[in-house]
Every structure is written in C-alpha cells, then in structure tokens.
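For reference, final04.txt (compact mmCIF, C-alpha atoms and all ligand atoms):
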```txt
# COMPACT_ATOMS: atom_id res chain seq x y z
CA MET E 1347 15.56 15.24 -9.70
CA SER E 1348 17.65 14.29 -6.75
CA ALA E 1349 18.91 10.86 -5.81
CA SER E 1350 19.38 12.15 -2.27
CA SER E 1351 15.78 13.30 -1.73
CA ASN E 1352 13.90 11.39 0.95
CA ARG E 1353 11.19 9.09 -0.30
CA LEU E 1354 7.44 9.22 0.30
CA TYR E 1355 5.64 5.98 -0.51
CA PHE E 1356 1.95 6.37 -1.36
CA LEU E 1357 -0.44 3.44 -0.97
CA TYR E 1358 -3.44 2.87 -3.26
CA HIS E 1359 -5.93 0.00 -3.46
CA GLU E 1360 -8.73 0.14 -6.02
CA LEU E 1361 -9.38 2.61 -8.85
CA ARG E 1362 -12.80 3.21 -10.40
CA ALA E 1363 -13.89 5.17 -13.47
CA VAL E 1364 -16.43 7.06 -11.36
CA SER E 1365 -15.96 8.64 -7.96
CA SER E 1366 -16.88 6.72 -4.82
CA ASN E 1367 -17.40 7.75 -1.21
CA TYR E 1368 -15.67 4.60 -0.13
CA SER E 1369 -12.30 5.42 1.40
CA TYR E 1370 -10.36 2.65 -0.36
CA VAL E 1371 -11.50 3.55 -3.86
CA MET E 1372 -9.90 6.33 -5.85
CA GLU E 1373 -11.37 7.80 -8.99
CA ARG E 1374 -9.16 7.03 -11.97
CA ASP E 1375 -8.92 10.67 -13.08
CA VAL E 1376 -7.82 11.76 -9.61
CA PHE E 1377 -5.16 9.04 -9.59
CA GLU E 1378 -3.92 10.31 -12.95
CA ARG E 1379 -3.59 13.81 -11.51
CA HIS E 1380 -1.62 12.35 -8.57
CA VAL E 1381 0.74 10.61 -11.00
CA ASP E 1382 1.28 13.83 -12.97
CA LEU E 1383 2.04 15.63 -9.71
CA PHE E 1384 4.51 12.86 -8.76
CA LEU E 1385 6.28 13.22 -12.10
CA GLN E 1386 6.57 16.94 -11.52
CA ALA E 1387 7.78 16.46 -7.91
CA ARG E 1388 10.52 14.09 -9.08
CA SER E 1389 11.91 16.83 -11.30
CA LEU E 1390 12.09 19.38 -8.47
CA GLY E 1391 14.45 17.99 -5.78
CA GLY E 1392 15.36 20.37 -2.95
CA SER E 1393 12.77 20.25 -0.19
CA THR E 1394 10.41 18.12 -2.28
CA TYR E 1395 10.09 14.46 -1.36
CA TRP E 1396 10.65 11.85 -4.06
CA PRO E 1397 7.26 10.11 -4.43
CA GLU E 1398 6.84 6.37 -5.01
CA ILE E 1399 3.57 4.59 -5.84
CA THR E 1400 2.42 1.28 -4.34
CA PHE E 1401 -0.81 -0.73 -4.68
CA ASP E 1402 -2.05 -3.36 -2.21
CA ASP E 1403 -4.37 -6.37 -2.72
CA GLY E 1404 -4.14 -6.96 -6.51
CA HIS E 1405 -7.51 -5.51 -7.52
CA ILE E 1406 -8.37 -5.91 -11.22
CA SER E 1407 -8.47 -2.10 -11.58
CA ASN E 1408 -4.69 -2.14 -11.03
CA TYR E 1409 -4.42 -3.77 -14.44
CA ASP E 1410 -7.37 -2.01 -16.12
CA PHE E 1411 -6.65 1.56 -14.99
CA ALA E 1412 -3.31 1.93 -13.18
CA LEU E 1413 -1.18 0.08 -15.75
CA PRO E 1414 -2.18 2.19 -18.80
CA CYS E 1415 -1.83 5.40 -16.77
CA LEU E 1416 1.65 4.47 -15.52
CA SER E 1417 2.85 3.02 -18.84
CA SER E 1418 1.86 6.10 -20.83
CA ARG E 1419 3.94 8.22 -18.43
CA GLY E 1420 6.92 5.88 -18.13
CA MET E 1421 6.28 5.48 -14.40
CA ALA E 1422 6.84 2.30 -12.39
CA ALA E 1423 4.95 1.37 -9.22
CA THR E 1424 5.07 -1.62 -6.90
CA PHE E 1425 2.02 -3.91 -6.84
CA PHE E 1426 1.65 -6.05 -3.70
CA ILE E 1427 -0.41 -9.09 -4.61
CA THR E 1428 -2.53 -11.26 -2.30
CA ALA E 1429 -1.22 -14.45 -3.91
CA GLY E 1430 -4.04 -16.81 -2.86
CA TRP E 1431 -6.67 -14.46 -4.33
CA THR E 1432 -5.03 -14.33 -7.75
CA GLY E 1433 -7.24 -15.94 -10.37
CA LYS E 1434 -9.56 -17.09 -7.57
CA ARG E 1435 -11.41 -14.13 -6.18
CA ALA E 1436 -13.87 -12.05 -8.20
CA GLY E 1437 -12.68 -8.50 -8.78
CA TYR E 1438 -8.99 -9.38 -8.44
CA MET E 1439 -6.33 -9.99 -11.07
CA GLY E 1440 -5.54 -13.37 -12.56
CA TRP E 1441 -1.98 -14.54 -13.23
CA GLU E 1442 -2.13 -13.25 -16.77
CA GLN E 1443 -2.76 -9.72 -15.57
CA VAL E 1444 -0.09 -9.85 -12.86
CA ARG E 1445 2.34 -11.23 -15.46
CA ALA E 1446 1.46 -8.35 -17.78
CA LEU E 1447 2.23 -5.83 -15.01
CA SER E 1448 5.60 -7.46 -14.42
CA ALA E 1449 6.37 -7.66 -18.16
CA ALA E 1450 5.57 -3.93 -18.47
CA GLY E 1451 8.33 -3.12 -15.96
CA GLN E 1452 6.14 -2.75 -12.89
CA GLN E 1453 7.47 -4.17 -9.61
CA ILE E 1454 5.67 -7.04 -7.90
CA GLY E 1455 5.68 -7.84 -4.18
CA ALA E 1456 3.67 -10.12 -1.88
CA HIS E 1457 0.69 -9.15 0.26
CA GLY E 1458 0.17 -12.48 2.01
CA TRP E 1459 -1.66 -15.58 0.83
CA THR E 1460 -5.20 -15.00 2.18
CA HIS E 1461 -4.76 -11.44 3.51
CA THR E 1462 -5.07 -12.66 7.11
CA LEU E 1463 -3.68 -10.11 9.55
CA LEU E 1464 -0.24 -11.53 10.28
CA THR E 1465 -0.42 -10.71 13.98
CA HIS E 1466 -3.40 -13.12 14.19
CA CYS E 1467 -1.52 -16.05 12.58
CA ASP E 1468 -0.02 -19.02 14.45
CA ASP E 1469 3.39 -20.20 13.23
CA SER E 1470 1.97 -22.52 10.56
CA ALA E 1471 -0.44 -19.91 9.17
CA LEU E 1472 2.36 -17.35 9.16
CA GLU E 1473 4.45 -19.77 7.08
CA THR E 1474 1.62 -19.98 4.50
CA GLU E 1475 1.04 -16.24 4.41
CA LEU E 1476 4.73 -15.47 3.92
CA ARG E 1477 6.44 -18.43 2.26
CA THR E 1478 3.64 -19.93 0.14
CA ALA E 1479 2.81 -16.44 -1.11
CA ARG E 1480 6.41 -15.73 -2.10
CA LEU E 1481 7.09 -19.12 -3.70
CA THR E 1482 3.82 -19.07 -5.65
CA LEU E 1483 4.46 -15.56 -6.99
CA GLU E 1484 8.01 -16.57 -7.96
CA ASP E 1485 6.80 -19.76 -9.63
CA LYS E 1486 3.93 -18.13 -11.54
CA LEU E 1487 5.83 -15.00 -12.57
CA GLY E 1488 9.38 -16.30 -12.98
CA ILE E 1489 10.83 -13.42 -10.95
CA THR E 1490 12.39 -13.07 -7.51
CA ILE E 1491 10.08 -11.67 -4.84
CA THR E 1492 11.84 -9.78 -2.05
CA THR E 1493 9.20 -7.35 -0.82
CA MET E 1494 6.07 -7.84 1.23
CA SER E 1495 3.39 -5.43 2.39
CA LEU E 1496 1.55 -6.07 5.64
CA PRO E 1497 -2.20 -6.85 5.34
CA GLY E 1498 -4.07 -4.26 7.39
CA GLY E 1499 -0.67 -2.75 8.20
CA ARG E 1500 -0.47 -5.08 11.24
CA PHE E 1501 2.86 -6.31 12.59
CA ASP E 1502 4.84 -7.10 15.69
CA GLN E 1503 8.41 -8.30 16.28
CA ARG E 1504 7.46 -11.94 15.63
CA VAL E 1505 5.92 -11.03 12.25
CA LEU E 1506 8.94 -8.98 11.22
CA SER E 1507 11.36 -11.77 12.22
CA ALA E 1508 9.32 -14.27 10.18
CA CYS E 1509 9.39 -11.92 7.15
CA ARG E 1510 13.17 -11.67 7.44
CA ALA E 1511 13.54 -15.45 7.84
CA THR E 1512 11.39 -15.97 4.71
CA GLY E 1513 13.80 -13.90 2.64
CA TYR E 1514 12.01 -10.58 2.37
CA THR E 1515 14.46 -7.69 2.29
CA HIS E 1516 11.86 -4.94 2.77
CA VAL E 1517 8.46 -4.94 4.47
CA TYR E 1518 6.01 -2.16 3.67
CA SER E 1519 3.83 -0.81 6.47
CA SER E 1520 1.16 1.87 6.78
CA ILE E 1521 3.21 4.01 9.12
CA PRO E 1522 3.13 7.51 7.64
CA ARG E 1523 6.71 8.72 7.39
CA ALA E 1524 9.37 9.63 4.85
CA GLU E 1525 12.29 7.29 4.23
CA LYS E 1526 15.93 7.86 3.34
CA PRO E 1527 16.99 6.61 -0.14
CA ALA E 1528 18.78 3.70 1.60
CA LEU E 1529 15.50 2.05 2.62
CA PRO E 1530 15.17 0.48 6.07
CA PHE E 1531 13.72 -3.04 6.47
CA LEU E 1532 10.34 -1.64 7.60
CA VAL E 1533 9.21 0.98 5.08
CA GLY E 1534 6.66 3.69 5.93
CA ARG E 1535 3.80 4.52 3.56
CA LEU E 1536 0.95 7.00 3.28
CA ASN E 1537 -2.43 5.42 2.67
CA THR E 1538 -4.36 7.62 0.24
CA LEU E 1539 -8.04 8.22 0.90
CA SER E 1540 -10.55 8.59 -1.93
CA SER E 1541 -10.94 12.24 -1.00
CA ALA E 1542 -7.17 12.96 -1.10
CA GLY E 1543 -7.08 15.85 -3.55
CA VAL E 1544 -4.12 17.00 -5.55
CA ASP E 1545 -3.64 19.94 -3.15
CA SER E 1546 -3.25 17.72 -0.09
CA ILE E 1547 -0.80 15.48 -1.96
CA ALA E 1548 1.18 18.54 -3.05
CA ARG E 1549 1.41 19.75 0.56
CA LEU E 1550 2.64 16.32 1.69
CA LEU E 1551 5.36 16.38 -0.97
CA ASP E 1552 6.61 19.74 0.31
CA ALA E 1553 8.90 18.90 3.24
CA HIS E 1554 8.47 22.44 4.59
CA SER E 1555 4.66 22.40 4.70
CA GLY E 1556 4.32 20.50 8.00
CA ALA E 1557 1.65 18.26 6.42
CA LEU E 1558 3.61 15.04 6.99
CA ALA E 1559 4.39 15.97 10.61
CA SER E 1560 0.69 16.52 11.21
CA LEU E 1561 -0.08 13.09 9.76
CA GLU E 1562 2.58 11.54 11.99
CA ARG E 1563 0.94 13.13 15.06
CA LYS E 1564 -2.43 11.74 13.96
CA GLU E 1565 -0.87 8.28 13.63
CA ARG E 1566 0.51 8.46 17.18
CA TRP E 1567 -2.99 9.32 18.49
CA LYS E 1568 -4.48 6.45 16.48
CA MET E 1569 -1.95 3.97 17.85
CA ALA E 1570 -2.67 5.12 21.41
CA LEU E 1571 -6.42 4.75 20.79
CA LYS E 1572 -5.96 1.30 19.25
CA LYS E 1573 -3.87 0.18 22.22
CA THR E 1574 -6.58 1.33 24.63
CA MET E 1575 -9.57 -0.04 22.67
CA GLY E 1576 -8.07 -3.21 21.23
CA ASP E 1577 -8.01 -4.22 17.59
CA ARG E 1578 -11.62 -5.43 17.31
CA LEU E 1579 -13.30 -2.38 18.84
CA TYR E 1580 -11.05 -0.12 16.81
CA GLY E 1581 -12.14 -1.97 13.64
CA ILE E 1582 -15.82 -1.46 14.49
CA LEU E 1583 -15.24 2.24 15.11
CA TRP E 1584 -13.31 2.51 11.82
CA ALA E 1585 -16.14 0.82 9.88
CA ALA E 1586 -18.70 3.17 11.47
CA VAL E 1587 -16.72 6.23 10.48
CA ASN E 1588 -15.98 4.97 6.95
CA ARG E 1589 -19.48 3.65 6.43
CA GLN E 1590 -20.13 2.59 2.82
CA GLU E 1591 -18.21 -0.63 2.39
CA ASN E 1592 -15.75 -2.66 4.35
CA ASN E 1593 -12.24 -3.55 3.28
CA GLU E 1594 -9.77 -6.11 4.47
CA ASP E 1595 -7.32 -3.32 5.16
CA SER E 1596 -9.72 -1.39 7.42
CA GLY E 1597 -7.95 0.47 10.12
CA GLU E 1598 -4.90 1.55 8.20
CA THR E 1599 -4.04 5.20 8.50
CA LEU E 1600 -5.71 7.23 5.79
CA LEU E 1601 -4.74 10.53 4.37
CA PRO E 1602 -7.08 13.43 5.13
ZN ZN J 1701 -4.56 -5.28 1.77
```
Do you think you could lay out the structure here as structure tokens?
Ligand SMILES: [Zn+2]
Amino acid sequence: MSASSNRLYFLYHELRAVSSNYSYVMERDVFERHVDLFLQARSLGGSTYWPEITFDDGHISNYDFALPCLSSRGMAATFFITAGWTGKRAGYMGWEQVRALSAAGQQIGAHGWTHTLLTHCDDSALETELRTARLTLEDKLGITITTMSLPGGRFDQRVLSACRATGYTHVYSSIPRAEKPALPFLVGRLNTLSSAGVDSIARLLDAHSGALASLERKERWKMALKKTMGDRLYGILWAAVNRQENNEDSGETLLP
C-alpha cells in the first residue's frame, strides 16, 4: 500500500442480486469482485491507483448488499444520500438504514434534497438542495456532513460557490480523472456501468495501461457534444442509447 498513490474514485448506484441490462444497476456478485480487486490494488502501490468506492442516491440495495460486502472485508465507502428521499421514496433507504451504514464506519455525504440538477436551481432551490440536505443529514445522523456529490454530475461556478458557502469541503463530480492524495475541492470519479467487468476495472487501476486517458478523451468528446446539443437533447440521446430504464443521473459518464 502507498499513501502517495493517486486516488481513483469509483461511483456506483444500485446493486441487484441478478444481472440487469440497465446501466445504473450492478450485479451484486460483480460488485463483490470489484471490491476484492480494490483490496488487492491497495496492497500493490507503485503504478497502481488507490481505489475508493462511492455510492450515489441512497438506494436500499446500498444497505442490503453493499454494506455486508464491505463490512465482511473491512472496507469503507462513501454513501451520498438524497436527503429528501430518505424514508420517503420507495426503493430508497430510511433513516434507520443510513444510520446503520454510518454506525458501521461507512462515510456519509449529501446528494441534494430532491436530486434536482443544481444548475437548474434558482438561489432559493439551491439553498434547499445544499443546506437543507446537509442540516437534515446532520440532525438525523448526529454526524458532521462535509461532502456533497452533484446530482447528474451537473455543476457550474455558481453551484460550486454555493457548495463552498454551505460548508462543503469536497464536491464529488462525474469527471473521470485520478486525484492526488491531497484531494482538491472538486473530486473526479468514474461512473461504473453494469457491464464494467473486472478486467476493465483492473486496466483502469493500472496507471500504465492508458485506460484512464482513453476515458478522459471520451469525456472531452461528450462535453463537446453536450455543449453543441444542449442538456435536454443530450438527455434524450442518452436515454435512447441506454434504453431499458431511466435514472435521475442519466447523462453521467459511464465506464465502458
Ligand atoms: Zn444521483
């Protein structure tokens, strides 16, 4: 293990016991193989990135499947919770489950109040998404919340300034890139697709493989396309390509 290795943050959403074609769902067994690979990578150092696990949205499977898998391996991840959905929305965790994650040593961060894309919020809505989410999580969990992940990965300078003003020390994006151990304010992450096999994850963890650079190129193309087409058209195209189901985070960069 190396404290100086650069970090790669992986982003997951929902786990299921059976495989799904839907991009935002990962089969539990595949996730377990990822975690085993991450444990192995952490022991290597050298040109291997230090992997970190994050979950967005607060899906109930985070408690049902991710928690036992992580606990049995002594691994900690960060769970970004959509605070206004907690205990309210079917399929998502209640406060008891989020509290259990925190009590088990898992990290908790905010993922907005209603998962509205922050770039679409006026000042008052932005206040709710950032401050109400943080204060509610702190009140319900009895911990300090200092991290936030961006719904749909969307941000601009106004959003980042508001995050800073609300007291967040780190904001997690969906920009695929590695980070130095001294994390910047805006943290890059790799969004894992349901089809992301152990081999593709292993290549990404190898700094000499060129896999991350290729993903970064893809992201630049995507951003250029998004800028040309606009957010809405891009979302329609994304939904057409990733047919089965829709997700609030549609449009984030996905791993091949
Ligand atoms: Zn989300």
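Between atom CA of Tyr1514 of chain E and atom CA of Ser1495 of chain E the separation is 10.0 Å.
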Give the residues close to ligand ZN 1701 (chain J), within 10 Å, counting all atoms listed in the file; write them as an mmCIF file with C-alpha atoms, in the coordinates of the input.
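Result written to part-v1.cif:
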```cif
data_model
loop_
_atom_site.group_PDB
_atom_site.id
_atom_site.type_symbol
_atom_site.label_atom_id
_atom_site.label_comp_id
_atom_site.auth_asym_id
_atom_site.auth_seq_id
_atom_site.Cartn_x
_atom_site.Cartn_y
_atom_site.Cartn_z
ATOM 1 C CA TYR E 1358 -3.440 2.870 -3.260
ATOM 2 C CA HIS E 1359 -5.930 0.000 -3.460
ATOM 3 C CA PHE E 1401 -0.810 -0.730 -4.680
ATOM 4 C CA ASP E 1402 -2.050 -3.360 -2.210
ATOM 5 C CA ASP E 1403 -4.370 -6.370 -2.720
ATOM 6 C CA GLY E 1404 -4.140 -6.960 -6.510
ATOM 7 C CA HIS E 1405 -7.510 -5.510 -7.520
ATOM 8 C CA PHE E 1426 1.650 -6.050 -3.700
ATOM 9 C CA ILE E 1427 -0.410 -9.090 -4.610
ATOM 10 C CA THR E 1428 -2.530 -11.260 -2.300
ATOM 11 C CA HIS E 1457 0.690 -9.150 0.260
ATOM 12 C CA GLY E 1458 0.170 -12.480 2.010
ATOM 13 C CA THR E 1460 -5.200 -15.000 2.180
ATOM 14 C CA HIS E 1461 -4.760 -11.440 3.510
ATOM 15 C CA THR E 1462 -5.070 -12.660 7.110
ATOM 16 C CA LEU E 1463 -3.680 -10.110 9.550
ATOM 17 C CA SER E 1495 3.390 -5.430 2.390
ATOM 18 C CA LEU E 1496 1.550 -6.070 5.640
ATOM 19 C CA PRO E 1497 -2.200 -6.850 5.340
ATOM 20 C CA GLY E 1498 -4.070 -4.260 7.390
ATOM 21 C CA GLY E 1499 -0.670 -2.750 8.200
ATOM 22 C CA ASN E 1593 -12.240 -3.550 3.280
ATOM 23 C CA GLU E 1594 -9.770 -6.110 4.470
ATOM 24 C CA ASP E 1595 -7.320 -3.320 5.160
ATOM 25 C CA SER E 1596 -9.720 -1.390 7.420
ATOM 26 C CA GLU E 1598 -4.900 1.550 8.200
#
```
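For the residues E:Phe1411, E:Tyr1518, E:Trp1567, E:Phe1531, ranking by smallest atom-to-atom distance to Leu1354 of chain E using all atoms listed in the file places E:Tyr1518 first.
Comparing E:Arg1504, E:Lys1526, E:Arg1435, E:Lys1572 by their smallest distance to Trp1396 of chain E, the closest is E:Lys1526 (using all atoms listed in the file).
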Extract, using all atoms listed in the file, all DNA, RNA and protein residues at most 12 Å from Arg1566 of chain E, discarding same-chain residues fewer than 6 positions from it, and format them as a count of residues only.
8
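Remark: for Glu1442 of chain E, the closest of the candidate residues E:Leu1361, E:Ile1547, E:Leu1571, E:Leu1487 is E:Leu1487 (distances computed over only C-alpha atoms).
The closest residue to Arg1549 of chain E, picked from E:Tyr1438, E:Phe1425, E:Trp1459, E:Phe1384 and counting all atoms listed in the file, is E:Phe1384.
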Between E:Arg1510, E:Ala1456, E:Tyr1370, E:Glu1398, which has the minimum distance to Pro1527 of chain E (counting only C-alpha atoms)?
E:Glu1398
Incomplete segment 1360-1373 of chain E filled out to N, CA, C and O atoms as a PDB file, in the coordinates of the input:
```
ATOM      1  N   GLU E1360      -7.872   0.345  -4.845  1.00  0.00           N
ATOM      2  CA  GLU E1360      -8.730   0.140  -6.020  1.00  0.00           C
ATOM      3  C   GLU E1360      -8.977   1.473  -6.728  1.00  0.00           C
ATOM      4  O   GLU E1360      -9.148   2.498  -6.077  1.00  0.00           O
ATOM      5  N   LEU E1361      -9.004   1.430  -8.062  1.00  0.00           N
ATOM      6  CA  LEU E1361      -9.380   2.610  -8.850  1.00  0.00           C
ATOM      7  C   LEU E1361     -10.729   2.334  -9.509  1.00  0.00           C
ATOM      8  O   LEU E1361     -11.016   1.188  -9.862  1.00  0.00           O
ATOM      9  N   ARG E1362     -11.539   3.357  -9.660  1.00  0.00           N
ATOM     10  CA  ARG E1362     -12.800   3.210 -10.400  1.00  0.00           C
ATOM     11  C   ARG E1362     -12.937   4.372 -11.375  1.00  0.00           C
ATOM     12  O   ARG E1362     -12.411   5.445 -11.126  1.00  0.00           O
ATOM     13  N   ALA E1363     -13.703   4.123 -12.452  1.00  0.00           N
ATOM     14  CA  ALA E1363     -13.890   5.170 -13.470  1.00  0.00           C
ATOM     15  C   ALA E1363     -14.727   6.318 -12.915  1.00  0.00           C
ATOM     16  O   ALA E1363     -14.594   7.457 -13.347  1.00  0.00           O
ATOM     17  N   VAL E1364     -15.600   6.005 -11.952  1.00  0.00           N
ATOM     18  CA  VAL E1364     -16.430   7.060 -11.360  1.00  0.00           C
ATOM     19  C   VAL E1364     -16.067   7.213  -9.890  1.00  0.00           C
ATOM     20  O   VAL E1364     -15.541   6.291  -9.278  1.00  0.00           O
ATOM     21  N   SER E1365     -16.366   8.383  -9.336  1.00  0.00           N
ATOM     22  CA  SER E1365     -15.960   8.640  -7.960  1.00  0.00           C
ATOM     23  C   SER E1365     -16.791   7.800  -6.997  1.00  0.00           C
ATOM     24  O   SER E1365     -17.912   7.388  -7.292  1.00  0.00           O
ATOM     25  N   SER E1366     -16.218   7.533  -5.836  1.00  0.00           N
ATOM     26  CA  SER E1366     -16.880   6.720  -4.820  1.00  0.00           C
ATOM     27  C   SER E1366     -16.631   7.372  -3.465  1.00  0.00           C
ATOM     28  O   SER E1366     -15.600   8.009  -3.258  1.00  0.00           O
ATOM     29  N   ASN E1367     -17.602   7.219  -2.567  1.00  0.00           N
ATOM     30  CA  ASN E1367     -17.400   7.750  -1.210  1.00  0.00           C
ATOM     31  C   ASN E1367     -16.553   6.806  -0.378  1.00  0.00           C
ATOM     32  O   ASN E1367     -16.103   7.152   0.705  1.00  0.00           O
ATOM     33  N   TYR E1368     -16.382   5.603  -0.880  1.00  0.00           N
ATOM     34  CA  TYR E1368     -15.670   4.600  -0.130  1.00  0.00           C
ATOM     35  C   TYR E1368     -14.184   4.938  -0.050  1.00  0.00           C
ATOM     36  O   TYR E1368     -13.531   5.183  -1.070  1.00  0.00           O
ATOM     37  N   SER E1369     -13.662   4.937   1.146  1.00  0.00           N
ATOM     38  CA  SER E1369     -12.300   5.420   1.400  1.00  0.00           C
ATOM     39  C   SER E1369     -11.219   4.717   0.591  1.00  0.00           C
ATOM     40  O   SER E1369     -10.211   5.315   0.244  1.00  0.00           O
ATOM     41  N   TYR E1370     -11.421   3.406   0.294  1.00  0.00           N
ATOM     42  CA  TYR E1370     -10.360   2.650  -0.360  1.00  0.00           C
ATOM     43  C   TYR E1370     -10.448   2.657  -1.877  1.00  0.00           C
ATOM     44  O   TYR E1370      -9.704   1.946  -2.545  1.00  0.00           O
ATOM     45  N   VAL E1371     -11.363   3.454  -2.412  1.00  0.00           N
ATOM     46  CA  VAL E1371     -11.500   3.550  -3.860  1.00  0.00           C
ATOM     47  C   VAL E1371     -11.112   4.950  -4.303  1.00  0.00           C
ATOM     48  O   VAL E1371     -11.577   5.937  -3.740  1.00  0.00           O
ATOM     49  N   MET E1372     -10.243   5.019  -5.298  1.00  0.00           N
ATOM     50  CA  MET E1372      -9.900   6.330  -5.850  1.00  0.00           C
ATOM     51  C   MET E1372     -10.377   6.413  -7.292  1.00  0.00           C
ATOM     52  O   MET E1372     -10.264   5.444  -8.051  1.00  0.00           O
ATOM     53  N   GLU E1373     -10.914   7.596  -7.612  1.00  0.00           N
ATOM     54  CA  GLU E1373     -11.370   7.800  -8.990  1.00  0.00           C
ATOM     55  C   GLU E1373     -10.140   7.818  -9.906  1.00  0.00           C
ATOM     56  O   GLU E1373      -9.115   8.406  -9.581  1.00  0.00           O
TER      57      GLU E1373
END
```
